[in-house]
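Okay, coords-v4.cif is below, mmCIF, C-alpha atoms:
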data_run
#
loop_
_atom_site.label_atom_id
_atom_site.label_comp_id
_atom_site.auth_asym_id
_atom_site.auth_seq_id
_atom_site.Cartn_x
_atom_site.Cartn_y
_atom_site.Cartn_z
CA MET A 1 16.82 16.01 -2.44
CA ARG A 2 14.01 14.66 -0.30
CA ILE A 3 12.30 11.84 -2.19
CA VAL A 4 9.13 9.87 -1.44
CA ALA A 5 9.02 6.54 -3.29
CA ALA A 6 5.75 4.59 -3.27
CA LEU A 7 6.08 0.90 -4.15
CA GLY A 8 2.85 -0.68 -5.37
CA GLY A 9 1.60 -3.83 -3.67
CA ASN A 10 1.45 -5.44 -7.11
CA ALA A 11 5.08 -4.50 -7.73
CA LEU A 12 5.99 -6.64 -4.71
CA LEU A 13 3.56 -9.45 -5.50
CA GLN A 14 2.79 -9.37 -9.19
CA ARG A 15 -0.51 -10.35 -10.72
CA ARG A 16 -1.09 -14.12 -10.59
CA ASP A 17 2.06 -14.64 -8.51
CA ARG A 18 1.71 -17.12 -5.67
CA PRO A 19 1.87 -15.16 -2.38
CA ASP A 20 5.00 -16.98 -1.21
CA ALA A 21 7.45 -15.17 1.05
CA VAL A 22 10.49 -16.13 -1.01
CA LEU A 23 8.99 -14.64 -4.16
CA GLN A 24 8.05 -11.40 -2.43
CA ARG A 25 11.55 -11.13 -0.98
CA HIS A 26 12.90 -11.46 -4.52
CA HIS A 27 10.71 -8.57 -5.70
CA VAL A 28 11.71 -6.46 -2.68
CA HIS A 29 15.38 -7.14 -3.44
CA ASP A 30 14.90 -5.97 -7.03
CA ALA A 31 13.00 -2.85 -5.92
CA VAL A 32 15.69 -1.87 -3.43
CA ALA A 33 18.41 -2.45 -6.03
CA ALA A 34 16.65 0.10 -8.24
CA LEU A 35 16.31 2.55 -5.33
CA ARG A 36 19.89 2.15 -4.11
CA PRO A 37 21.39 5.10 -6.05
CA LEU A 38 18.74 7.39 -4.53
CA ALA A 39 19.24 5.96 -1.04
CA GLU A 40 22.98 6.56 -1.22
CA GLU A 41 22.74 10.24 -2.12
CA HIS A 42 19.37 11.62 -0.98
CA GLU A 43 16.85 11.73 1.85
CA LEU A 44 14.61 8.79 0.97
CA LEU A 45 11.24 7.75 2.33
CA VAL A 46 9.82 4.46 1.04
CA THR A 47 6.19 3.51 1.40
CA HIS A 48 4.48 0.48 -0.08
CA GLY A 49 1.13 -0.92 -1.05
CA ASN A 50 -0.42 -3.98 0.56
CA GLY A 51 -3.49 -4.86 -1.51
CA PRO A 52 -2.46 -8.40 -2.45
CA GLN A 53 -0.91 -9.12 0.94
CA VAL A 54 -3.71 -7.76 3.13
CA GLY A 55 -6.21 -9.73 1.06
CA VAL A 56 -4.27 -12.96 1.68
CA LEU A 57 -4.21 -12.26 5.42
CA ALA A 58 -7.95 -11.52 5.37
CA LEU A 59 -8.61 -14.90 3.74
CA GLU A 60 -6.44 -16.66 6.31
CA SER A 61 -8.13 -14.85 9.19
CA ALA A 62 -11.62 -15.64 7.88
CA ALA A 63 -10.70 -19.33 7.58
CA ASP A 64 -9.20 -19.58 11.09
CA GLY A 65 -11.67 -21.58 13.15
CA SER A 66 -9.94 -20.60 16.40
CA LEU A 67 -11.12 -16.99 16.00
CA SER A 68 -14.61 -15.90 17.04
CA SER A 69 -14.43 -13.31 14.26
CA PRO A 70 -11.82 -12.40 11.60
CA TYR A 71 -9.24 -9.74 12.36
CA PRO A 72 -10.39 -6.28 11.17
CA PHE A 73 -8.64 -4.56 8.28
CA ASP A 74 -6.86 -1.99 10.44
CA VAL A 75 -5.13 -4.85 12.29
CA LEU A 76 -4.36 -6.67 9.05
CA GLY A 77 -2.92 -3.43 7.66
CA ALA A 78 -0.62 -3.17 10.67
CA GLU A 79 0.46 -6.78 10.08
CA THR A 80 1.41 -6.05 6.49
CA GLN A 81 3.35 -2.96 7.56
CA GLY A 82 5.44 -5.19 9.81
CA MET A 83 5.94 -7.93 7.23
CA ILE A 84 6.76 -5.86 4.16
CA GLY A 85 8.48 -3.18 6.23
CA TYR A 86 10.82 -5.80 7.68
CA TRP A 87 11.82 -6.96 4.20
CA LEU A 88 12.40 -3.41 2.98
CA VAL A 89 14.35 -2.31 6.06
CA GLN A 90 16.60 -5.35 5.84
CA GLU A 91 17.22 -5.00 2.10
CA LEU A 92 17.91 -1.26 2.39
CA GLY A 93 20.33 -1.91 5.25
CA ASN A 94 22.14 -4.55 3.19
CA ALA A 95 22.24 -2.34 0.10
CA VAL A 96 23.32 0.89 1.84
CA PRO A 97 25.14 -0.15 5.03
CA ALA A 98 26.48 3.36 5.61
CA ARG A 99 22.99 4.77 6.21
CA PRO A 100 20.73 4.07 9.20
CA VAL A 101 17.33 2.59 8.26
CA ALA A 102 14.11 2.68 10.27
CA GLY A 103 10.72 1.09 9.73
CA LEU A 104 7.92 3.04 11.39
CA LEU A 105 4.44 1.71 12.13
CA THR A 106 2.26 4.50 10.78
CA GLN A 107 -1.35 5.53 11.41
CA THR A 108 -3.34 7.55 8.89
CA VAL A 109 -6.30 9.63 10.03
CA VAL A 110 -9.42 9.42 7.87
CA ALA A 111 -12.84 11.01 8.25
CA GLY A 112 -15.43 8.77 9.86
CA ASP A 113 -18.10 10.13 7.53
CA ASP A 114 -16.07 9.67 4.33
CA PRO A 115 -18.50 8.47 1.63
CA ALA A 116 -15.92 5.83 0.63
CA PHE A 117 -17.16 3.67 3.51
CA GLY A 118 -20.36 3.17 1.55
CA ALA A 119 -18.71 2.71 -1.85
CA PRO A 120 -15.78 0.24 -1.70
CA THR A 121 -13.14 0.71 -4.41
CA LYS A 122 -9.81 -0.61 -3.06
CA PHE A 123 -8.70 -3.91 -4.59
CA VAL A 124 -7.38 -6.47 -2.10
CA GLY A 125 -6.34 -10.08 -2.32
CA PRO A 126 -6.00 -12.45 -5.28
CA SER A 127 -7.83 -12.22 -8.59
CA TYR A 128 -10.58 -14.58 -9.76
CA GLU A 129 -12.58 -15.46 -12.81
CA GLU A 130 -15.87 -13.56 -12.77
CA GLY A 131 -18.03 -16.54 -11.84
CA GLU A 132 -15.86 -17.53 -8.90
CA ALA A 133 -15.64 -13.92 -7.72
CA ARG A 134 -19.39 -13.55 -7.73
CA ARG A 135 -19.85 -16.83 -5.83
CA LEU A 136 -17.37 -15.68 -3.20
CA ALA A 137 -19.09 -12.31 -2.97
CA ALA A 138 -22.41 -14.01 -2.30
CA SER A 139 -21.08 -16.49 0.25
CA ALA A 140 -18.66 -14.20 2.12
CA ASP A 141 -20.60 -10.91 1.82
CA TRP A 142 -17.90 -9.31 -0.32
CA VAL A 143 -18.08 -6.56 -2.88
CA VAL A 144 -16.18 -7.47 -6.07
CA ARG A 145 -15.18 -5.50 -9.16
CA ARG A 146 -13.37 -6.11 -12.42
CA ASP A 147 -9.61 -5.57 -12.21
CA GLY A 148 -8.29 -5.79 -15.75
CA GLU A 149 -9.26 -9.16 -17.20
CA ARG A 150 -10.17 -10.71 -13.83
CA TRP A 151 -12.13 -9.83 -10.69
CA ARG A 152 -11.08 -8.97 -7.14
CA ARG A 153 -12.55 -8.06 -3.79
CA VAL A 154 -12.88 -4.34 -3.01
CA VAL A 155 -13.04 -2.66 0.41
CA PRO A 156 -13.60 0.94 1.55
CA SER A 157 -10.71 3.32 0.85
CA PRO A 158 -11.30 6.68 2.57
CA ALA A 159 -9.09 9.64 1.74
CA PRO A 160 -6.13 10.28 4.07
CA VAL A 161 -6.52 13.42 6.14
CA ALA A 162 -3.30 13.37 8.17
CA VAL A 163 -0.43 11.06 9.07
CA VAL A 164 -0.14 10.80 12.84
CA GLU A 165 3.62 10.26 12.82
CA ALA A 166 4.46 12.93 10.19
CA ASP A 167 6.59 15.05 12.56
CA LEU A 168 8.60 12.00 13.64
CA ILE A 169 9.14 11.02 9.99
CA ARG A 170 10.37 14.54 9.22
CA SER A 171 12.80 14.35 12.14
CA LEU A 172 14.17 10.96 11.04
CA LEU A 173 14.71 12.16 7.46
CA GLY A 174 16.46 15.27 8.75
CA ASP A 175 18.83 13.05 10.75
CA GLY A 176 19.82 11.14 7.61
CA VAL A 177 17.72 8.04 8.29
CA LEU A 178 16.25 6.06 5.39
CA VAL A 179 12.60 5.69 6.41
CA VAL A 180 10.11 2.95 5.55
CA CYS A 181 6.65 4.05 6.66
CA ALA A 182 2.95 4.39 5.82
CA GLY A 183 2.81 0.89 4.39
CA GLY A 184 -0.53 0.09 2.83
CA GLY A 185 -1.39 3.78 3.11
CA GLY A 186 -1.01 3.61 6.88
CA VAL A 187 -3.29 1.96 9.42
CA PRO A 188 -6.67 3.72 8.97
CA VAL A 189 -7.84 5.46 12.13
CA VAL A 190 -10.40 8.08 13.08
CA ARG A 191 -9.84 10.71 15.76
CA GLY A 192 -12.56 11.15 18.37
CA PRO A 193 -13.70 14.46 19.88
CA ASP A 194 -11.32 13.86 22.80
CA GLY A 195 -8.38 13.30 20.46
CA THR A 196 -8.19 9.54 20.92
CA LEU A 197 -7.65 7.27 17.92
CA ARG A 198 -9.40 4.05 16.93
CA GLY A 199 -8.99 1.82 13.91
CA VAL A 200 -11.61 1.45 11.19
CA GLU A 201 -12.42 -1.21 8.58
CA ALA A 202 -10.71 0.13 5.48
CA VAL A 203 -7.50 0.17 3.43
CA VAL A 204 -6.16 3.61 2.58
CA ASP A 205 -4.73 4.06 -0.92
CA LYS A 206 -0.97 4.17 -0.50
CA ASP A 207 -0.48 6.61 -3.40
CA ALA A 208 -2.86 9.07 -1.78
CA THR A 209 -0.97 8.81 1.52
CA ALA A 210 2.38 9.08 -0.27
CA SER A 211 1.15 12.25 -1.97
CA LEU A 212 -0.03 13.66 1.36
CA LEU A 213 3.32 12.87 2.98
CA ALA A 214 5.25 14.37 0.06
CA ARG A 215 3.37 17.64 0.55
CA GLU A 216 3.59 17.65 4.36
CA LEU A 217 7.32 16.86 4.26
CA ASP A 218 8.13 19.37 1.49
CA ALA A 219 9.52 16.58 -0.69
CA ASP A 220 11.27 17.44 -3.93
CA LEU A 221 10.12 14.32 -5.78
CA LEU A 222 7.30 11.76 -5.56
CA LEU A 223 7.81 8.43 -7.33
CA VAL A 224 4.87 6.06 -7.89
CA LEU A 225 6.37 2.67 -8.78
CA THR A 226 4.11 -0.18 -9.86
CA ASP A 227 3.71 -2.95 -12.44
CA VAL A 228 1.76 -1.16 -15.16
CA PRO A 229 3.12 0.79 -18.16
CA ALA A 230 1.59 4.11 -17.09
CA VAL A 231 -0.90 5.86 -14.85
CA SER A 232 -4.15 6.15 -16.80
CA VAL A 233 -7.43 8.01 -16.70
CA ASP A 234 -10.57 5.93 -17.31
CA TRP A 235 -8.46 2.82 -16.67
CA GLY A 236 -10.09 -0.47 -17.61
CA THR A 237 -12.45 1.17 -20.10
CA PRO A 238 -12.25 1.67 -23.88
CA ALA A 239 -11.54 5.36 -23.19
CA ALA A 240 -8.39 4.61 -21.15
CA ARG A 241 -5.59 7.10 -21.81
CA ALA A 242 -2.05 7.01 -20.43
CA ILE A 243 -0.83 10.12 -18.60
CA ARG A 244 2.71 10.73 -19.86
CA SER A 245 3.06 14.22 -18.38
CA ALA A 246 0.94 16.61 -16.31
CA VAL A 247 1.16 20.05 -14.82
CA PRO A 248 0.46 20.51 -11.08
CA ALA A 249 -3.08 21.84 -11.62
CA GLU A 250 -3.99 18.71 -13.56
#

Full structure transcribed into structure tokens:
Amino acid sequence: MRIVAALGGNALLQRRDRPDAVLQRHHVHDAVAALRPLAEEHELLVTHGNGPQVGVLALESAADGSLSSPYPFDVLGAETQGMIGYWLVQELGNAVPARPVAGLLTQTVVAGDDPAFGAPTKFVGPSYEEGEARRLAASADWVVRRDGERWRRVVPSPAPVAVVEADLIRSLLGDGVLVVCAGGGGVPVVRGPDGTLRGVEAVVDKDATASLLARELDADLLLVLTDVPAVSVDWGTPAARAIRSAVPAE
């Protein structure tokens, strides 16, 4: 089978965890141990979230006095692809030494006029008490929203339109390579009228990109792996309801 497995950023750095490298490596090790039976027998593509990690890098960049301006989110997204991708590639190689493993820096095309740019929804970075979150929002020009019992920064999350490297990913899978790609939903880019690409300030939802890749690659199975009991509709509200099963139309 051809399987796309999407690891949530919070599955690699759990809520209220300190963002230490050693702790994240521990979570990556556990995730790969769970994926090992699939990696040994099937074509496996692994993608991952980056919400907690990209938020930490954004804080570090904003606090760096040597920079004239903080690094933009497309660059930070590429950084997290390299960091988390390195951990995953190494752990997969250690767990399944008989299979070649490749980590691929991936760009995801979004629409420049996507309304998401004017309505941020993607959680990034650490969580805060409401008062602290609102103070940070006022001082740093953030948008913040409730995330469970606490509050976090949100940034634009436009819908993925295409994955630039999709054909290369298909080729690697067909050659038996375990592929780590589209981390953090892929680096968000827009395509100009002349076909050139440029990065934009956003973080693409990794589950949306994983779904797009699963369809484009004719995958047999899409796994969404995170740190919550279930996917829910109306999450975070009194009307929240867990989705235990669904038909394709739903």

Run the PyMOL selection byres ((chain A and resi 145) around 9) on the file and write out the hits as a VMD selection string. chain A and resid 121 123 130 133 143 to 144 146 to 147 150 to 154

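Applied to this file, the PyMOL selection byres ((chain A and resi 216-224) around 8) selects Met1, Arg2, Ile3, Val4, Ala5, Ala6, Leu7, Gly8, Ala166, Arg170, Asp207, Ala210, Ser211, Leu212, Leu213, Ala214, Arg215, Leu225 and Thr226 of chain A.
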
Go through A:Ala39, A:Val179, A:Ala78, A:Ile84 one by one, measure the shortest atom-to-atom distance of each to Pro97 of chain A using only C-alpha atoms, and give the residue with the smallest value.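 Checking each of A:Ala39, A:Val179, A:Ala78, A:Ile84 against Pro97 of chain A, counting only C-alpha atoms, the winner is A:Ala39.
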
Here is a test: counting all atoms listed in the file, which residue of A:Gln14, A:Ser245, A:Ser66, A:Thr209 is nearest to Cys181 of chain A?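 For Cys181 of chain A, the nearest of the candidates is A:Thr209.
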
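Counting from atom CA of Leu136 of chain A, the distance to atom CA of Gln53 of chain A is 18.2 Å.
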
Looking at A:Pro188, A:Gly103, A:Pro126, A:Gly174, which one is nearest to Gly85 of chain A, with distances taken over only C-alpha atoms?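 Distance minimum relative to Gly85 of chain A lands on A:Gly103.
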
Atom pair atom CA of Val180 of chain A / atom CA of Leu104 of chain A: separation (Å):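 Separation of atom CA of Val180 of chain A and atom CA of Leu104 of chain A: 6.2 Å.
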
Coordinates-based distance that separates atom CA of Val109 of chain A from atom CA of Thr47 of chain A (Å, one decimal):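 Calculated distance between atom CA of Thr47 of chain A and atom CA of Val109 of chain A is 16.4 Å.
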
Excluding same-chain residues fewer than 3 positions from Val124 of chain A, what lies within 12 Å of it counting only C-alpha atoms, as a PDB file with C-alpha atoms, in the coordinates of the input?
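Below you can see part-v6.pdb, which holds the result:
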ATOM      1  CA  GLY A   9       1.600  -3.830  -3.670  1.00  0.00           C
ATOM      2  CA  ASN A  10       1.450  -5.440  -7.110  1.00  0.00           C
ATOM      3  CA  LEU A  13       3.560  -9.450  -5.500  1.00  0.00           C
ATOM      4  CA  ARG A  15      -0.510 -10.350 -10.720  1.00  0.00           C
ATOM      5  CA  GLY A  49       1.130  -0.920  -1.050  1.00  0.00           C
ATOM      6  CA  ASN A  50      -0.420  -3.980   0.560  1.00  0.00           C
ATOM      7  CA  GLY A  51      -3.490  -4.860  -1.510  1.00  0.00           C
ATOM      8  CA  PRO A  52      -2.460  -8.400  -2.450  1.00  0.00           C
ATOM      9  CA  GLN A  53      -0.910  -9.120   0.940  1.00  0.00           C
ATOM     10  CA  VAL A  54      -3.710  -7.760   3.130  1.00  0.00           C
ATOM     11  CA  GLY A  55      -6.210  -9.730   1.060  1.00  0.00           C
ATOM     12  CA  VAL A  56      -4.270 -12.960   1.680  1.00  0.00           C
ATOM     13  CA  LEU A  57      -4.210 -12.260   5.420  1.00  0.00           C
ATOM     14  CA  ALA A  58      -7.950 -11.520   5.370  1.00  0.00           C
ATOM     15  CA  LEU A  59      -8.610 -14.900   3.740  1.00  0.00           C
ATOM     16  CA  PHE A  73      -8.640  -4.560   8.280  1.00  0.00           C
ATOM     17  CA  LEU A  76      -4.360  -6.670   9.050  1.00  0.00           C
ATOM     18  CA  GLY A  77      -2.920  -3.430   7.660  1.00  0.00           C
ATOM     19  CA  PRO A 120     -15.780   0.240  -1.700  1.00  0.00           C
ATOM     20  CA  THR A 121     -13.140   0.710  -4.410  1.00  0.00           C
ATOM     21  CA  SER A 127      -7.830 -12.220  -8.590  1.00  0.00           C
ATOM     22  CA  TYR A 128     -10.580 -14.580  -9.760  1.00  0.00           C
ATOM     23  CA  TRP A 142     -17.900  -9.310  -0.320  1.00  0.00           C
ATOM     24  CA  VAL A 143     -18.080  -6.560  -2.880  1.00  0.00           C
ATOM     25  CA  VAL A 144     -16.180  -7.470  -6.070  1.00  0.00           C
ATOM     26  CA  ARG A 145     -15.180  -5.500  -9.160  1.00  0.00           C
ATOM     27  CA  ARG A 146     -13.370  -6.110 -12.420  1.00  0.00           C
ATOM     28  CA  ASP A 147      -9.610  -5.570 -12.210  1.00  0.00           C
ATOM     29  CA  TRP A 151     -12.130  -9.830 -10.690  1.00  0.00           C
ATOM     30  CA  ARG A 152     -11.080  -8.970  -7.140  1.00  0.00           C
ATOM     31  CA  ARG A 153     -12.550  -8.060  -3.790  1.00  0.00           C
ATOM     32  CA  VAL A 154     -12.880  -4.340  -3.010  1.00  0.00           C
ATOM     33  CA  VAL A 155     -13.040  -2.660   0.410  1.00  0.00           C
ATOM     34  CA  PRO A 156     -13.600   0.940   1.550  1.00  0.00           C
ATOM     35  CA  SER A 157     -10.710   3.320   0.850  1.00  0.00           C
ATOM     36  CA  GLY A 184      -0.530   0.090   2.830  1.00  0.00           C
ATOM     37  CA  ALA A 202     -10.710   0.130   5.480  1.00  0.00           C
ATOM     38  CA  VAL A 203      -7.500   0.170   3.430  1.00  0.00           C
ATOM     39  CA  VAL A 204      -6.160   3.610   2.580  1.00  0.00           C
ATOM     40  CA  ASP A 205      -4.730   4.060  -0.920  1.00  0.00           C
TER      41      ASP A 205
END

Identify which of the residues A:Val161, A:Leu197, A:Thr108, A:Pro70 lies closest to Ala140 of chain A, counting all atoms listed in the file when measuring atom-to-atom distances.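 Result for the nearest residue to Ala140 of chain A: A:Pro70.
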
I'd like the contact shell of Trp235 of chain A - 10 Å cut-off, all atoms listed in the file, skipping same-chain residues fewer than 5 positions apart - returned as number ranges by chain. A: 147-148, 240-242

Give the answer as one residue: which of A:Pro193, A:Pro37, A:Gly125, A:Gly199 has the shortest atom-to-atom distance to Gln107 of chain A, using all atoms listed in the file?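 Distance minimum relative to Gln107 of chain A lands on A:Gly199.
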
Using all atoms listed in the file, pick whichever of A:Ala116, A:Leu172, A:Ala21, A:Val189 has the shortest atom-to-atom distance to Pro158 of chain A.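 So, comparing all the options, the nearest one is A:Ala116.
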
Would you kindly translate the PyMOL selection byres ((chain A and resi 98) around 12) into the concrete residues it picks from this file, as a tab-separated table (two decimals) with C-alpha atoms, keeping the file's coordinate frame?
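To be explicit, this is the file written out as expr-v9.tsv:
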chain	number	residue	atom	x	y	z
A	36	ARG	CA	19.89	2.15	-4.11
A	39	ALA	CA	19.24	5.96	-1.04
A	40	GLU	CA	22.98	6.56	-1.22
A	41	GLU	CA	22.74	10.24	-2.12
A	92	LEU	CA	17.91	-1.26	2.39
A	93	GLY	CA	20.33	-1.91	5.25
A	94	ASN	CA	22.14	-4.55	3.19
A	95	ALA	CA	22.24	-2.34	0.10
A	96	VAL	CA	23.32	0.89	1.84
A	97	PRO	CA	25.14	-0.15	5.03
A	99	ARG	CA	22.99	4.77	6.21
A	100	PRO	CA	20.73	4.07	9.20
A	101	VAL	CA	17.33	2.59	8.26
A	176	GLY	CA	19.82	11.14	7.61
A	177	VAL	CA	17.72	8.04	8.29
A	178	LEU	CA	16.25	6.06	5.39
